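Q: Have a peek at final35.pdb (PDB, C-alpha atoms).
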ATOM      1  CA  MET A   1     -47.996  96.238 136.334  1.00  0.00           C
ATOM      2  CA  LYS A   2     -49.671  96.728 132.980  1.00  0.00           C
ATOM      3  CA  LEU A   3     -48.037  95.635 129.787  1.00  0.00           C
ATOM      4  CA  ASN A   4     -46.549  98.663 128.077  1.00  0.00           C
ATOM      5  CA  ARG A   5     -44.327  98.723 125.050  1.00  0.00           C
ATOM      6  CA  LYS A   6     -42.119 101.330 123.564  1.00  0.00           C
ATOM      7  CA  ILE A   7     -42.046 101.316 119.779  1.00  0.00           C
ATOM      8  CA  ILE A   8     -39.226 102.687 117.643  1.00  0.00           C
ATOM      9  CA  PRO A   9     -40.544 105.101 115.045  1.00  0.00           C
ATOM     10  CA  HIS A  10     -38.218 104.432 112.102  1.00  0.00           C
ATOM     11  CA  THR A  11     -38.944 107.736 110.391  1.00  0.00           C
ATOM     12  CA  VAL A  12     -39.439 110.063 113.348  1.00  0.00           C
ATOM     13  CA  LYS A  13     -36.291 111.674 114.725  1.00  0.00           C
ATOM     14  CA  ASN A  14     -37.915 114.253 117.000  1.00  0.00           C
ATOM     15  CA  LYS A  15     -36.115 114.968 120.236  1.00  0.00           C
ATOM     16  CA  THR A  16     -37.626 113.208 123.247  1.00  0.00           C
ATOM     17  CA  ALA A  17     -36.320 112.055 126.596  1.00  0.00           C
ATOM     18  CA  ASN A  18     -36.445 108.478 125.301  1.00  0.00           C
ATOM     19  CA  ARG A  19     -33.398 107.318 123.379  1.00  0.00           C
ATOM     20  CA  ILE A  20     -30.697 104.763 122.913  1.00  0.00           C
ATOM     21  CA  GLY A  21     -27.245 106.158 122.128  1.00  0.00           C
ATOM     22  CA  GLY A  22     -25.933 109.689 122.043  1.00  0.00           C
ATOM     23  CA  ASN A  23     -24.509 111.585 124.995  1.00  0.00           C
ATOM     24  CA  MET A  24     -25.437 110.957 128.600  1.00  0.00           C
ATOM     25  CA  PRO A  25     -28.080 113.209 130.160  1.00  0.00           C
ATOM     26  CA  ALA A  26     -26.757 116.548 131.462  1.00  0.00           C
ATOM     27  CA  TRP A  27     -27.789 115.461 134.987  1.00  0.00           C
ATOM     28  CA  PHE A  28     -24.613 113.333 135.101  1.00  0.00           C
ATOM     29  CA  SER A  29     -22.225 116.206 134.287  1.00  0.00           C
ATOM     30  CA  ASN A  30     -21.243 116.655 137.946  1.00  0.00           C
ATOM     31  CA  LYS A  31     -21.387 112.917 138.726  1.00  0.00           C
ATOM     32  CA  ILE A  32     -18.561 111.723 136.476  1.00  0.00           C
ATOM     33  CA  ASN A  33     -17.007 109.772 139.377  1.00  0.00           C
ATOM     34  CA  LEU A  34     -19.997 107.359 139.198  1.00  0.00           C
ATOM     35  CA  LEU A  35     -19.236 106.580 135.560  1.00  0.00           C
ATOM     36  CA  ALA A  36     -15.631 105.368 135.539  1.00  0.00           C
ATOM     37  CA  ASN A  37     -15.130 102.888 132.664  1.00  0.00           C
ATOM     38  CA  LEU A  38     -18.801 103.084 131.662  1.00  0.00           C
ATOM     39  CA  ASN A  39     -20.522 104.226 128.470  1.00  0.00           C
ATOM     40  CA  PHE A  40     -23.994 105.710 128.256  1.00  0.00           C
ATOM     41  CA  TYR A  41     -26.400 103.268 126.612  1.00  0.00           C
ATOM     42  CA  ALA A  42     -29.971 104.570 126.973  1.00  0.00           C
ATOM     43  CA  SER A  43     -32.356 106.902 128.783  1.00  0.00           C
ATOM     44  CA  PHE A  44     -36.140 106.584 129.101  1.00  0.00           C
ATOM     45  CA  GLU A  45     -38.991 108.298 130.844  1.00  0.00           C
ATOM     46  CA  HIS A  46     -39.929 106.136 133.822  1.00  0.00           C
ATOM     47  CA  PRO A  47     -43.088 104.357 132.621  1.00  0.00           C
ATOM     48  CA  PHE A  48     -44.697 104.381 136.083  1.00  0.00           C
ATOM     49  CA  ASP A  49     -43.294 107.621 137.612  1.00  0.00           C
ATOM     50  CA  SER A  50     -43.730 110.599 135.295  1.00  0.00           C
ATOM     51  CA  GLY A  51     -41.257 112.792 137.167  1.00  0.00           C
ATOM     52  CA  GLN A  52     -38.317 110.431 136.730  1.00  0.00           C
ATOM     53  CA  ALA A  53     -36.032 109.081 134.019  1.00  0.00           C
ATOM     54  CA  ILE A  54     -34.048 105.846 133.863  1.00  0.00           C
ATOM     55  CA  SER A  55     -30.524 105.896 132.421  1.00  0.00           C
ATOM     56  CA  LEU A  56     -28.437 102.830 131.666  1.00  0.00           C
ATOM     57  CA  PHE A  57     -24.642 102.619 131.439  1.00  0.00           C
ATOM     58  CA  ILE A  58     -22.621  99.626 130.251  1.00  0.00           C
ATOM     59  CA  PRO A  59     -18.938  98.777 130.756  1.00  0.00           C
ATOM     60  CA  ARG A  60     -16.564 100.038 128.077  1.00  0.00           C
ATOM     61  CA  ASP A  61     -14.688  96.744 128.202  1.00  0.00           C
ATOM     62  CA  HIS A  62     -16.857  93.982 126.720  1.00  0.00           C
ATOM     63  CA  ALA A  63     -14.961  91.386 128.787  1.00  0.00           C
ATOM     64  CA  VAL A  64     -16.234  93.120 131.955  1.00  0.00           C
ATOM     65  CA  LEU A  65     -19.770  93.032 130.551  1.00  0.00           C
ATOM     66  CA  LEU A  66     -19.397  89.304 129.819  1.00  0.00           C
ATOM     67  CA  GLN A  67     -18.160  88.596 133.352  1.00  0.00           C
ATOM     68  CA  GLY A  68     -21.001  90.609 134.906  1.00  0.00           C
ATOM     69  CA  LYS A  69     -24.080  89.152 133.224  1.00  0.00           C
ATOM     70  CA  ILE A  70     -26.255  88.256 136.224  1.00  0.00           C
ATOM     71  CA  TYR A  71     -27.451  89.923 139.459  1.00  0.00           C
ATOM     72  CA  PRO A  72     -26.032  90.582 142.015  1.00  0.00           C
ATOM     73  CA  ASN A  73     -22.881  91.096 139.951  1.00  0.00           C
ATOM     74  CA  CYS A  74     -24.451  92.548 136.808  1.00  0.00           C
ATOM     75  CA  ALA A  75     -22.001  95.111 135.395  1.00  0.00           C
ATOM     76  CA  ILE A  76     -24.744  97.317 133.883  1.00  0.00           C
ATOM     77  CA  LYS A  77     -25.561 100.355 135.993  1.00  0.00           C
ATOM     78  CA  VAL A  78     -29.103 101.729 136.299  1.00  0.00           C
ATOM     79  CA  PHE A  79     -29.762 105.268 137.535  1.00  0.00           C
ATOM     80  CA  VAL A  80     -33.179 106.743 138.297  1.00  0.00           C
ATOM     81  CA  HIS A  81     -33.000 110.542 138.191  1.00  0.00           C
ATOM     82  CA  PRO A  82     -35.010 113.664 137.361  1.00  0.00           C
ATOM     83  CA  HIS A  83     -35.687 114.317 133.679  1.00  0.00           C
ATOM     84  CA  SER A  84     -32.656 115.826 131.990  1.00  0.00           C
ATOM     85  CA  ASP A  85     -31.814 116.928 128.460  1.00  0.00           C
ATOM     86  CA  GLU A  86     -28.973 115.287 126.592  1.00  0.00           C
ATOM     87  CA  GLY A  87     -25.630 116.704 127.697  1.00  0.00           C
ATOM     88  CA  GLY A  88     -22.711 117.724 125.531  1.00  0.00           C
ATOM     89  CA  ASP A  89     -20.111 115.423 127.094  1.00  0.00           C
ATOM     90  CA  THR A  90     -19.123 112.798 124.505  1.00  0.00           C
ATOM     91  CA  ARG A  91     -16.606 110.919 126.700  1.00  0.00           C
ATOM     92  CA  HIS A  92     -19.177 108.308 127.793  1.00  0.00           C
ATOM     93  CA  SER A  93     -21.007 107.725 124.492  1.00  0.00           C
ATOM     94  CA  CYS A  94     -21.203 104.183 123.065  1.00  0.00           C
ATOM     95  CA  PRO A  95     -19.185 104.257 119.855  1.00  0.00           C
ATOM     96  CA  ASP A  96     -21.216 101.541 118.065  1.00  0.00           C
ATOM     97  CA  VAL A  97     -24.714 102.810 118.926  1.00  0.00           C
ATOM     98  CA  GLU A  98     -26.355 105.521 116.820  1.00  0.00           C
ATOM     99  CA  LYS A  99     -28.597 107.933 118.701  1.00  0.00           C
ATOM    100  CA  THR A 100     -32.221 106.912 118.122  1.00  0.00           C
ATOM    101  CA  TYR A 101     -35.247 108.558 119.719  1.00  0.00           C
ATOM    102  CA  PHE A 102     -38.411 106.694 120.733  1.00  0.00           C
ATOM    103  CA  ALA A 103     -42.048 107.537 121.119  1.00  0.00           C
ATOM    104  CA  GLY A 104     -43.584 107.322 124.593  1.00  0.00           C
ATOM    105  CA  PHE A 105     -44.857 104.136 126.174  1.00  0.00           C
ATOM    106  CA  THR A 106     -48.163 102.856 124.864  1.00  0.00           C
ATOM    107  CA  GLU A 107     -50.489 100.064 125.944  1.00  0.00           C
ATOM    108  CA  ASN A 108     -50.356  97.647 123.070  1.00  0.00           C
ATOM    109  CA  GLU A 109     -49.992  93.969 123.830  1.00  0.00           C
ATOM    110  CA  ASP A 110     -49.970  92.927 120.170  1.00  0.00           C
ATOM    111  CA  ASP A 111     -47.040  95.021 118.926  1.00  0.00           C
ATOM    112  CA  GLU A 112     -43.456  94.039 119.585  1.00  0.00           C
ATOM    113  CA  GLY A 113     -41.286  96.853 120.836  1.00  0.00           C
ATOM    114  CA  VAL A 114     -37.593  97.214 121.511  1.00  0.00           C
ATOM    115  CA  VAL A 115     -38.420  98.293 125.064  1.00  0.00           C
ATOM    116  CA  GLN A 116     -41.154  96.571 127.051  1.00  0.00           C
ATOM    117  CA  ALA A 117     -42.156  97.700 130.530  1.00  0.00           C
ATOM    118  CA  GLY A 118     -44.255  95.371 132.630  1.00  0.00           C
ATOM    119  CA  GLY A 119     -46.085  92.324 131.417  1.00  0.00           C
ATOM    120  CA  MET A 120     -44.311  89.031 130.922  1.00  0.00           C
ATOM    121  CA  PRO A 121     -40.664  89.005 129.843  1.00  0.00           C
ATOM    122  CA  GLN A 122     -39.724  87.387 126.566  1.00  0.00           C
ATOM    123  CA  TRP A 123     -36.807  85.159 127.551  1.00  0.00           C
ATOM    124  CA  ILE A 124     -34.037  84.184 125.199  1.00  0.00           C
ATOM    125  CA  GLN A 125     -32.989  81.503 127.677  1.00  0.00           C
ATOM    126  CA  ASP A 126     -35.685  80.286 130.065  1.00  0.00           C
ATOM    127  CA  GLU A 127     -33.298  79.266 132.863  1.00  0.00           C
ATOM    128  CA  GLU A 128     -34.319  79.985 136.465  1.00  0.00           C
ATOM    129  CA  TYR A 129     -30.767  80.760 137.629  1.00  0.00           C
ATOM    130  CA  TYR A 130     -31.010  84.087 135.784  1.00  0.00           C
ATOM    131  CA  TRP A 131     -33.764  85.461 138.060  1.00  0.00           C
ATOM    132  CA  ALA A 132     -33.633  83.236 141.175  1.00  0.00           C
ATOM    133  CA  ASP A 133     -31.482  85.609 143.286  1.00  0.00           C
ATOM    134  CA  LEU A 134     -33.524  88.614 142.150  1.00  0.00           C
ATOM    135  CA  GLU A 135     -36.771  87.017 143.285  1.00  0.00           C
ATOM    136  CA  LYS A 136     -35.146  85.857 146.539  1.00  0.00           C
ATOM    137  CA  ASP A 137     -34.227  89.505 147.226  1.00  0.00           C
ATOM    138  CA  GLY A 138     -37.766  90.712 146.493  1.00  0.00           C
ATOM    139  CA  TYR A 139     -37.345  92.028 142.939  1.00  0.00           C
ATOM    140  CA  VAL A 140     -39.880  91.567 140.137  1.00  0.00           C
ATOM    141  CA  PHE A 141     -39.555  91.941 136.382  1.00  0.00           C
ATOM    142  CA  PHE A 142     -39.750  95.601 135.331  1.00  0.00           C
ATOM    143  CA  MET A 143     -38.485  96.121 131.778  1.00  0.00           C
ATOM    144  CA  GLN A 144     -36.575  94.528 128.942  1.00  0.00           C
ATOM    145  CA  ILE A 145     -34.681  95.837 125.931  1.00  0.00           C
ATOM    146  CA  ASP A 146     -34.486  93.411 123.016  1.00  0.00           C
ATOM    147  CA  GLU A 147     -31.696  93.928 120.469  1.00  0.00           C
ATOM    148  CA  ALA A 148     -33.359  91.565 117.979  1.00  0.00           C
ATOM    149  CA  LEU A 149     -35.949  94.309 117.454  1.00  0.00           C
ATOM    150  CA  TYR A 150     -33.454  97.138 116.817  1.00  0.00           C
ATOM    151  CA  PRO A 151     -33.856  98.905 113.487  1.00  0.00           C
ATOM    152  CA  ASP A 152     -31.068  98.058 111.037  1.00  0.00           C
ATOM    153  CA  ASP A 153     -29.345 101.430 111.436  1.00  0.00           C
ATOM    154  CA  LEU A 154     -29.166 101.560 115.260  1.00  0.00           C
ATOM    155  CA  VAL A 155     -25.842  99.727 115.629  1.00  0.00           C
ATOM    156  CA  THR A 156     -22.849 100.371 113.376  1.00  0.00           C
ATOM    157  CA  GLY A 157     -20.492  97.878 115.012  1.00  0.00           C
ATOM    158  CA  SER A 158     -20.965  95.352 117.810  1.00  0.00           C
ATOM    159  CA  TYR A 159     -24.306  94.940 119.551  1.00  0.00           C
ATOM    160  CA  PRO A 160     -23.795  95.791 123.257  1.00  0.00           C
ATOM    161  CA  PHE A 161     -25.508  92.564 124.402  1.00  0.00           C
ATOM    162  CA  ASP A 162     -24.287  90.396 121.508  1.00  0.00           C
ATOM    163  CA  PHE A 163     -27.689  90.528 119.784  1.00  0.00           C
ATOM    164  CA  GLY A 164     -29.404  89.686 123.068  1.00  0.00           C
ATOM    165  CA  ALA A 165     -31.698  91.307 125.600  1.00  0.00           C
ATOM    166  CA  LEU A 166     -31.328  93.187 128.886  1.00  0.00           C
ATOM    167  CA  TYR A 167     -33.773  92.575 131.747  1.00  0.00           C
ATOM    168  CA  LEU A 168     -34.339  95.156 134.494  1.00  0.00           C
ATOM    169  CA  TYR A 169     -36.006  94.395 137.822  1.00  0.00           C
ATOM    170  CA  CYS A 170     -37.529  96.577 140.547  1.00  0.00           C
ATOM    171  CA  LYS A 171     -38.948  96.333 144.036  1.00  0.00           C
ATOM    172  CA  PRO A 172     -42.760  96.235 143.798  1.00  0.00           C
ATOM    173  CA  SER A 173     -43.025  98.592 146.771  1.00  0.00           C
ATOM    174  CA  ASN A 174     -40.676 101.116 145.120  1.00  0.00           C
ATOM    175  CA  MET A 175     -40.585 101.152 141.343  1.00  0.00           C
ATOM    176  CA  CYS A 176     -37.631 103.534 141.464  1.00  0.00           C
ATOM    177  CA  ASP A 177     -35.485 100.846 143.120  1.00  0.00           C
ATOM    178  CA  ILE A 178     -34.379  99.382 139.776  1.00  0.00           C
ATOM    179  CA  VAL A 179     -31.441  97.074 139.091  1.00  0.00           C
ATOM    180  CA  ALA A 180     -30.013  95.447 135.999  1.00  0.00           C
ATOM    181  CA  GLY A 181     -31.042  91.866 136.611  1.00  0.00           C
ATOM    182  CA  PHE A 182     -29.207  90.174 133.762  1.00  0.00           C
ATOM    183  CA  TRP A 183     -28.644  90.093 130.071  1.00  0.00           C
ATOM    184  CA  GLN A 184     -28.704  87.067 127.854  1.00  0.00           C
ATOM    185  CA  ASN A 185     -28.157  86.130 124.253  1.00  0.00           C
ATOM    186  CA  SER A 186     -28.540  83.002 122.175  1.00  0.00           C
TER     187      SER A 186
END
What does this structure look like when you write it as structure tokens?
A:
Amino acid sequence: MKLNRKIIPHTVKNKTANRIGGNMPAWFSNKINLLANLNFYASFEHPFDSGQAISLFIPRDHAVLLQGKIYPNCAIKVFVHPHSDEGGDTRHSCPDVEKTYFAGFTENEDDEGVVQAGGMPQWIQDEEYYWADLEKDGYVFFMQIDEALYPDDLVTGSYPFDFGALYLYCKPSNMCDIVAGFWQNS
């Protein structure tokens, strides 16, 4: 995989498929049963499959998120689905996360971005137990979201990952087989 980064444009608020916060994509409107006790966190164009999007949901109860930090019991849910506009259903929106749109992925190894696809992960804690079971099951690093690089106005309350980072993994033979590997904070 090539190193790709997604940069937050602080001044651009144009509507794109790439965002953190807001309402879940309309694609989920008839799949509410999949989302019990979850809040929509983010949706991105799949960086390696232009016809797909990746949406992330986190538990409403932070205690559940804390208990489910590491694969195979990571409490964050990842869905790969066709592109979909933002829906109008507010029941699954994260209350502390302001909707922020992003530019598309770019190849730029020198810039730091909130979302990085491919390349080498930037660990907060370089402890093998975080990724050992993922690698044993054939997953490789796919993407990370780093809260330390959020703009100041993205979160109005608590950071979902306690000012940490989320790491997603995929099967190299099927980059649409994506799981939340783990999240960590300092």
Q: Restricting the calculation to only C-alpha atoms, which member of A:Ala42, A:Ile20, A:Leu56, A:Ile70 is positioned closest to Glu127 (chain A)?
A: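 Distance minimum relative to Glu127 (chain A) lands on A:Ile70.
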Q: Hey, which of A:Gly104, A:Ala17, A:His92, A:Gln67 ends up closest to Asn33 (chain A)? Count only C-alpha atoms.
A: A:His92
Q: Tell me, as a VMD selection string, which residues lie within 10 Å of Phe142 (chain A), counting only C-alpha atoms; anything in the same chain fewer than 5 positions away does not count.
A: chain A and resid 1 3 47 116 to 121 167 to 172 175 178 to 181
Q: Evaluate the PyMOL selection byres ((chain A and resi 128-131) around 8) here and jot the selected residues down as a list in words.
A: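 Answer for the PyMOL selection byres ((chain A and resi 128-131) around 8): Ile70, Tyr71, Asp126, Glu127, Ala132, Asp133, Leu134, Glu135, Gly181 and Phe182 of chain A.
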Q: So what do you get for CA of Pro72 (chain A) versus CA of Leu38 (chain A), distance-wise?
A: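 Separation of CA of Pro72 (chain A) and CA of Leu38 (chain A): 17.8 Å.
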Q: Which is closer to Gly22 (chain A) than all the others in A:Leu149, A:Val80, A:Val64, A:Val155, using all atoms listed in the file?
A: A:Val155
Q: Neighbouring residues of Leu166 (chain A) were defined as those with any atom within 7 Å, considering all atoms listed in the file; residues of the same chain fewer than 6 positions away were excluded. Please report them as a PyMOL selection string.
A: chain A and resi 144-146+182-184
Q: Between A:Asp49, A:Asp162, A:Asp153, A:Asp177, which has the minimum distance to His62 (chain A) (counting only C-alpha atoms)?
A: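 Checking each candidate against His62 (chain A), we get A:Asp162 as the closest.
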Q: Nearest residue to Gln125 (chain A) out of A:Ser186, A:Lys69, A:Thr100, A:Gly87, using all atoms listed in the file?
A: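 The shortest atom-to-atom distance to Gln125 (chain A) comes from A:Ser186.
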Q: Provide the CA of Gly157 (chain A) to CA of Cys94 (chain A) distance in Å, to one decimal place.
A: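 CA of Cys94 (chain A) lies at a distance of 10.3 Å from CA of Gly157 (chain A).
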Q: So, with only C-alpha atoms as the atoms that count, which of A:Gly138, A:Pro151, A:Phe163, A:Ser158 lies closest to Val114 (chain A)?
A: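 Closest candidate: A:Pro151.
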Q: Which residues, protein or nucleic acid, reach to within 8 Å of (-30.6, 115.4, 127.9) in the file's coordinates when using all atoms listed in the file, and can you give that as a list of chain:residue names?
A: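 Those within range, by chain then number, are A:Ala17, A:Asn23, A:Met24, A:Pro25, A:Ala26, A:Trp27, A:His83, A:Ser84, A:Asp85, A:Glu86, A:Gly87.
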Q: Can you measure CA of Cys74 (chain A) to CA of Asn174 (chain A) for me? One decimal in Å is fine.
A: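 Computing it gives 20.1 Å between the two atoms.
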Q: With a distance cut-off of 6 Å and all atoms listed in the file, select the neighbouring residues of Ser43 (chain A), excluding the residue or stretch itself and same-chain residues fewer than 4 positions from it, and output the selection as a ChimeraX atom specification.
A: /A:18-19,54-55
Q: Axis-aligned box over every listed atom of region 42-53 of chain A, padded by 6 Å per side: centre and edges in Å to one decimal, as lines of an AutoDock Vina configuration file?
A:
center_x = -37.3
center_y = 108.6
center_z = 132.3
size_x = 26.7
size_y = 20.4
size_z = 22.6
Q: Under the PyMOL selection byres ((chain A and resi 60) around 10), which residues of this model are included? Write them out as a PyMOL selection string.
A: chain A and resi 36-40+57-59+61-65+92-95+160
Q: With N, CA and C atoms as the goal, would you fill in the gaps in region 151-168 of chain A and present it as an mmCIF file, in the coordinates of the input?
A:
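Writing the result to selection_34.cif gives the following:
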data_model
loop_
_atom_site.group_PDB
_atom_site.id
_atom_site.type_symbol
_atom_site.label_atom_id
_atom_site.label_comp_id
_atom_site.auth_asym_id
_atom_site.auth_seq_id
_atom_site.Cartn_x
_atom_site.Cartn_y
_atom_site.Cartn_z
ATOM 1 N N PRO A 151 -33.854 98.633 114.930
ATOM 2 C CA PRO A 151 -33.856 98.905 113.487
ATOM 3 C C PRO A 151 -32.450 98.665 112.939
ATOM 4 N N ASP A 152 -32.351 98.411 111.655
ATOM 5 C CA ASP A 152 -31.068 98.058 111.037
ATOM 6 C C ASP A 152 -29.980 99.102 111.236
ATOM 7 N N ASP A 153 -30.352 100.370 111.366
ATOM 8 C CA ASP A 153 -29.345 101.430 111.436
ATOM 9 C C ASP A 153 -28.990 101.864 112.859
ATOM 10 N N LEU A 154 -29.445 101.153 113.881
ATOM 11 C CA LEU A 154 -29.166 101.560 115.260
ATOM 12 C C LEU A 154 -27.731 101.252 115.674
ATOM 13 N N VAL A 155 -27.188 100.136 115.234
ATOM 14 C CA VAL A 155 -25.842 99.727 115.629
ATOM 15 C C VAL A 155 -24.955 99.692 114.390
ATOM 16 N N THR A 156 -23.786 100.344 114.501
ATOM 17 C CA THR A 156 -22.849 100.371 113.376
ATOM 18 C C THR A 156 -21.704 99.385 113.558
ATOM 19 N N GLY A 157 -21.564 98.835 114.734
ATOM 20 C CA GLY A 157 -20.492 97.878 115.012
ATOM 21 C C GLY A 157 -21.057 96.702 115.789
ATOM 22 N N SER A 158 -20.525 96.475 116.975
ATOM 23 C CA SER A 158 -20.965 95.352 117.810
ATOM 24 C C SER A 158 -22.218 95.716 118.604
ATOM 25 N N TYR A 159 -23.134 94.760 118.702
ATOM 26 C CA TYR A 159 -24.306 94.940 119.551
ATOM 27 C C TYR A 159 -23.845 94.860 121.005
ATOM 28 N N PRO A 160 -24.260 95.806 121.864
ATOM 29 C CA PRO A 160 -23.795 95.791 123.257
ATOM 30 C C PRO A 160 -24.022 94.459 123.967
ATOM 31 N N PHE A 161 -25.180 93.812 123.720
ATOM 32 C CA PHE A 161 -25.508 92.564 124.402
ATOM 33 C C PHE A 161 -25.419 91.374 123.445
ATOM 34 N N ASP A 162 -24.546 91.485 122.458
ATOM 35 C CA ASP A 162 -24.287 90.396 121.508
ATOM 36 C C ASP A 162 -25.567 89.879 120.853
ATOM 37 N N PHE A 163 -26.403 90.824 120.411
ATOM 38 C CA PHE A 163 -27.689 90.528 119.784
ATOM 39 C C PHE A 163 -28.574 89.779 120.772
ATOM 40 N N GLY A 164 -28.636 90.310 121.996
ATOM 41 C CA GLY A 164 -29.404 89.686 123.068
ATOM 42 C C GLY A 164 -30.448 90.619 123.634
ATOM 43 N N ALA A 165 -30.700 90.492 124.917
ATOM 44 C CA ALA A 165 -31.698 91.307 125.600
ATOM 45 C C ALA A 165 -31.241 91.587 127.024
ATOM 46 N N LEU A 166 -31.612 92.756 127.523
ATOM 47 C CA LEU A 166 -31.328 93.187 128.886
ATOM 48 C C LEU A 166 -32.631 93.182 129.664
ATOM 49 N N TYR A 167 -32.588 92.675 130.897
ATOM 50 C CA TYR A 167 -33.773 92.575 131.747
ATOM 51 C C TYR A 167 -33.535 93.371 133.027
ATOM 52 N N LEU A 168 -34.404 94.342 133.286
ATOM 53 C CA LEU A 168 -34.339 95.156 134.494
ATOM 54 C C LEU A 168 -35.401 94.685 135.471
#
